[in-house]
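Trainee: Input structure: entry_16.cif, which contains mmCIF, C-alpha atoms.
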data_structure
loop_
_atom_site.group_PDB
_atom_site.id
_atom_site.type_symbol
_atom_site.label_atom_id
_atom_site.label_comp_id
_atom_site.auth_asym_id
_atom_site.auth_seq_id
_atom_site.Cartn_x
_atom_site.Cartn_y
_atom_site.Cartn_z
ATOM 1 C CA GLN A 1 14.116 128.266 33.958
ATOM 2 C CA VAL A 2 15.767 124.878 34.359
ATOM 3 C CA GLN A 3 18.806 123.410 32.668
ATOM 4 C CA LEU A 4 19.248 119.669 32.231
ATOM 5 C CA VAL A 5 22.523 118.060 31.174
ATOM 6 C CA GLU A 6 22.722 114.335 30.475
ATOM 7 C CA SER A 7 25.844 112.211 30.543
ATOM 8 C CA GLY A 8 26.822 108.557 30.590
ATOM 9 C CA GLY A 9 25.706 107.354 27.182
ATOM 10 C CA GLY A 10 27.901 105.290 24.943
ATOM 11 C CA LEU A 11 28.385 102.011 23.124
ATOM 12 C CA VAL A 12 27.871 98.773 25.000
ATOM 13 C CA GLN A 13 27.422 95.137 24.073
ATOM 14 C CA ALA A 14 24.106 93.397 24.591
ATOM 15 C CA GLY A 15 23.786 92.252 28.179
ATOM 16 C CA GLY A 16 25.923 95.097 29.446
ATOM 17 C CA SER A 17 25.109 98.036 31.676
ATOM 18 C CA LEU A 18 25.248 101.802 31.548
ATOM 19 C CA ARG A 19 24.304 104.513 34.025
ATOM 20 C CA LEU A 20 22.925 107.781 32.719
ATOM 21 C CA SER A 21 23.084 110.921 34.820
ATOM 22 C CA CYS A 22 21.054 114.098 34.544
ATOM 23 C CA ALA A 23 22.338 117.206 36.280
ATOM 24 C CA ALA A 24 19.567 119.715 36.859
ATOM 25 C CA SER A 25 20.079 123.367 37.715
ATOM 26 C CA GLY A 26 17.965 126.487 37.888
ATOM 27 C CA SER A 27 14.348 126.422 39.024
ATOM 28 C CA ILE A 28 14.185 122.674 39.550
ATOM 29 C CA PHE A 29 12.093 123.231 42.682
ATOM 30 C CA ARG A 30 9.150 123.994 40.361
ATOM 31 C CA PHE A 31 8.957 120.372 39.291
ATOM 32 C CA ASN A 32 7.753 117.351 41.234
ATOM 33 C CA LEU A 33 8.439 114.887 38.448
ATOM 34 C CA MET A 34 11.600 113.955 36.579
ATOM 35 C CA GLY A 35 11.896 111.387 33.861
ATOM 36 C CA TRP A 36 13.945 109.725 31.180
ATOM 37 C CA TYR A 37 12.616 109.433 27.643
ATOM 38 C CA ARG A 38 14.151 107.903 24.560
ATOM 39 C CA GLN A 39 13.738 108.415 20.858
ATOM 40 C CA ILE A 40 14.673 106.448 17.764
ATOM 41 C CA PRO A 41 14.835 108.345 14.446
ATOM 42 C CA GLY A 42 11.423 108.377 12.814
ATOM 43 C CA LYS A 43 9.604 107.379 15.986
ATOM 44 C CA GLN A 44 7.930 109.291 18.786
ATOM 45 C CA ARG A 45 9.768 110.021 21.971
ATOM 46 C CA GLU A 46 8.679 107.505 24.611
ATOM 47 C CA LEU A 47 8.782 107.461 28.380
ATOM 48 C CA VAL A 48 11.360 105.093 29.835
ATOM 49 C CA ALA A 49 11.067 105.861 33.540
ATOM 50 C CA SER A 50 9.958 108.629 35.858
ATOM 51 C CA ILE A 51 10.325 109.527 39.504
ATOM 52 C CA THR A 52 8.428 111.935 41.724
ATOM 53 C CA ARG A 53 9.881 114.129 44.414
ATOM 54 C CA GLY A 54 8.357 111.700 46.894
ATOM 55 C CA GLY A 55 10.205 108.782 45.341
ATOM 56 C CA LEU A 56 7.405 107.103 43.406
ATOM 57 C CA THR A 57 8.682 105.484 40.238
ATOM 58 C CA ASN A 58 7.109 104.404 36.981
ATOM 59 C CA TYR A 59 8.630 102.325 34.169
ATOM 60 C CA ALA A 60 7.808 101.400 30.624
ATOM 61 C CA ASP A 61 6.901 97.721 30.408
ATOM 62 C CA SER A 62 9.844 97.109 28.089
ATOM 63 C CA VAL A 63 12.389 98.117 30.743
ATOM 64 C CA LYS A 64 10.784 96.844 33.956
ATOM 65 C CA GLY A 65 13.189 94.683 35.914
ATOM 66 C CA ARG A 66 16.190 95.935 33.900
ATOM 67 C CA PHE A 67 16.269 99.704 34.437
ATOM 68 C CA SER A 68 16.156 101.666 37.665
ATOM 69 C CA ILE A 69 15.594 105.390 38.134
ATOM 70 C CA SER A 70 16.793 107.253 41.202
ATOM 71 C CA SER A 71 17.491 110.790 42.299
ATOM 72 C CA LYS A 72 19.441 112.679 44.914
ATOM 73 C CA ASN A 73 19.787 116.175 46.314
ATOM 74 C CA ALA A 74 16.121 117.122 45.854
ATOM 75 C CA MET A 75 16.143 115.850 42.274
ATOM 76 C CA SER A 76 19.100 117.980 41.253
ATOM 77 C CA THR A 77 20.617 114.754 39.948
ATOM 78 C CA VAL A 78 18.631 111.933 38.394
ATOM 79 C CA TYR A 79 20.104 108.593 37.388
ATOM 80 C CA LEU A 80 18.987 105.843 35.079
ATOM 81 C CA GLN A 81 20.737 102.543 35.763
ATOM 82 C CA MET A 82 20.354 100.338 32.734
ATOM 83 C CA ASN A 83 21.178 96.635 33.046
ATOM 84 C CA SER A 84 20.781 93.699 30.676
ATOM 85 C CA LEU A 85 20.784 96.085 27.749
ATOM 86 C CA ARG A 86 19.344 94.926 24.442
ATOM 87 C CA PRO A 87 19.893 96.196 20.892
ATOM 88 C CA GLU A 88 16.332 97.538 20.933
ATOM 89 C CA ASP A 89 17.340 99.890 23.763
ATOM 90 C CA THR A 90 19.456 101.798 21.245
ATOM 91 C CA ALA A 91 18.180 105.380 21.168
ATOM 92 C CA VAL A 92 18.894 108.935 22.185
ATOM 93 C CA TYR A 93 17.952 109.262 25.846
ATOM 94 C CA TYR A 94 16.594 112.571 27.131
ATOM 95 C CA CYS A 95 16.183 113.868 30.649
ATOM 96 C CA ASN A 96 12.935 115.697 31.341
ATOM 97 C CA ALA A 97 11.619 117.803 34.170
ATOM 98 C CA GLY A 98 7.924 118.222 34.744
ATOM 99 C CA GLY A 99 6.484 115.870 32.180
ATOM 100 C CA VAL A 100 6.292 115.691 28.417
ATOM 101 C CA PHE A 101 4.489 119.033 27.998
ATOM 102 C CA SER A 102 6.769 121.014 30.280
ATOM 103 C CA GLY A 103 9.310 121.872 27.631
ATOM 104 C CA ALA A 104 12.208 121.207 29.999
ATOM 105 C CA TRP A 105 14.507 118.814 28.182
ATOM 106 C CA GLY A 106 18.180 118.027 28.096
ATOM 107 C CA GLN A 107 20.154 117.797 24.887
ATOM 108 C CA GLY A 108 20.104 114.002 24.881
ATOM 109 C CA THR A 109 22.756 111.315 25.104
ATOM 110 C CA GLN A 110 23.195 108.477 22.633
ATOM 111 C CA VAL A 111 23.001 104.894 23.850
ATOM 112 C CA THR A 112 23.997 102.219 21.361
ATOM 113 C CA VAL A 113 23.716 98.525 22.194
ATOM 114 C CA SER A 114 25.483 96.166 19.835
ATOM 115 C CA SER A 115 24.352 92.577 19.338
#
Can the structure in the file be given as structure tokens, please?

Mentor:
Amino acid sequence: QVQLVESGGGLVQAGGSLRLSCAASGSIFRFNLMGWYRQIPGKQRELVASITRGGLTNYADSVKGRFSISSKNAMSTVYLQMNSLRPEDTAVYYCNAGGVFSGAWGQGTQVTVSS
């Protein structure tokens, strides 16, 4: 079993930055992929960025060049650096281990970007 705890969300003005952190514990060694997803009420959860244990990254087109995912300590901590934030980035951001069907999710952290 794996536990994921997100932190770092909050309210920021458009153009600002936030860094989200995901602290992973438990059987994290089972997973070779970690990611950040976000969800707006009434919409499907969408992938924002992912990173493999080998360091390969993948980003949604809407965040390329603005967001950066990284990890340390064998993916026990995963970060999402978010720069040049836009109002449309407002969502609950979730940390995930193992991909969307893995069932390993954090509780989410709210990010609100004001215009």

Trainee: I'd like the residues picked by the PyMOL selection byres ((chain A and resi 80) around 6) written out as a PyMOL selection string, using the chain letters and numbers from the file.

Mentor: chain A and resi 19-20+68-69+79+81

Trainee: Go through the shown structure with the PyMOL selection byres ((chain A and resi 88-102) around 8) and write out the matching residues as number ranges by chain.

Mentor: A: 4-6, 22, 28, 31-40, 85-87, 103-113

Trainee: Which polymer residues, protein or nucleic acid, are no farther than 7 Å from (19.4, 117.6, 39.9), counting only C-alpha atoms, as number ranges by chain?

Mentor: A: 22-25, 73-78

Trainee: Output the selection as an mmCIF file, in the coordinates of the input - C-alpha atoms for each residue.

Mentor:
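Result file follows (selection02.cif):
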data_model
loop_
_atom_site.group_PDB
_atom_site.id
_atom_site.type_symbol
_atom_site.label_atom_id
_atom_site.label_comp_id
_atom_site.auth_asym_id
_atom_site.auth_seq_id
_atom_site.Cartn_x
_atom_site.Cartn_y
_atom_site.Cartn_z
ATOM 1 C CA CYS A 22 21.054 114.098 34.544
ATOM 2 C CA ALA A 23 22.338 117.206 36.280
ATOM 3 C CA ALA A 24 19.567 119.715 36.859
ATOM 4 C CA SER A 25 20.079 123.367 37.715
ATOM 5 C CA ASN A 73 19.787 116.175 46.314
ATOM 6 C CA ALA A 74 16.121 117.122 45.854
ATOM 7 C CA MET A 75 16.143 115.850 42.274
ATOM 8 C CA SER A 76 19.100 117.980 41.253
ATOM 9 C CA THR A 77 20.617 114.754 39.948
ATOM 10 C CA VAL A 78 18.631 111.933 38.394
#

Trainee: Need to verify the contact set: Phe67 (chain A), 10 Å, all atoms listed in the file, exclusion of same-chain residues closer than 5 positions in sequence. Can you return it as number ranges by chain?

Mentor: A: 17-19, 48-49, 59-60, 62, 80-85

Trainee: Between CA of Ser114 (chain A) and CA of Gly10 (chain A), measure the distance and give it in Å to one decimal.

Mentor: 10.7 Å

Trainee: Any chance you could work out the axis-aligned box around region 52-70 of chain A, listed atoms only, 5 Å on each side, giving centre and edge lengths in Å to one decimal, as JSON?

Mentor:
{"center_x": 11.8, "center_y": 104.4, "center_z": 37.5, "size_x": 19.9, "size_y": 29.4, "size_z": 28.8}

Trainee: Please measure the separation of CA of Val12 (chain A) and CA of Gly55 (chain A), giving the value in Å to one decimal.

Mentor: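 A separation of 28.7 Å between them.
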
Trainee: Quick one: distance from CA of Phe29 (chain A) to CA of Ser70 (chain A) in Å, one decimal?

Mentor: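 Interatomic distance here is 16.7 Å.
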
Trainee: Written as a PyMOL selection string, what is the full residue list that the PyMOL selection byres ((chain A and resi 1) around 6) yields on the file shown?

Mentor: chain A and resi 2+26-27

Trainee: Out of A:Leu11, A:Arg30, A:Gln3, A:Ser71, which residue has the shortest atom-to-atom distance to Gly54 (chain A) when counting only C-alpha atoms?

Mentor: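 The closest residue to Gly54 (chain A) is A:Ser71.
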
Trainee: Counting only C-alpha atoms, figure out which residue out of A:Leu47, A:Thr52, A:Gly8, A:Gly15 gets nearest to Arg66 (chain A).

Mentor: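 Selected residue with least distance to Arg66 (chain A): A:Gly15.
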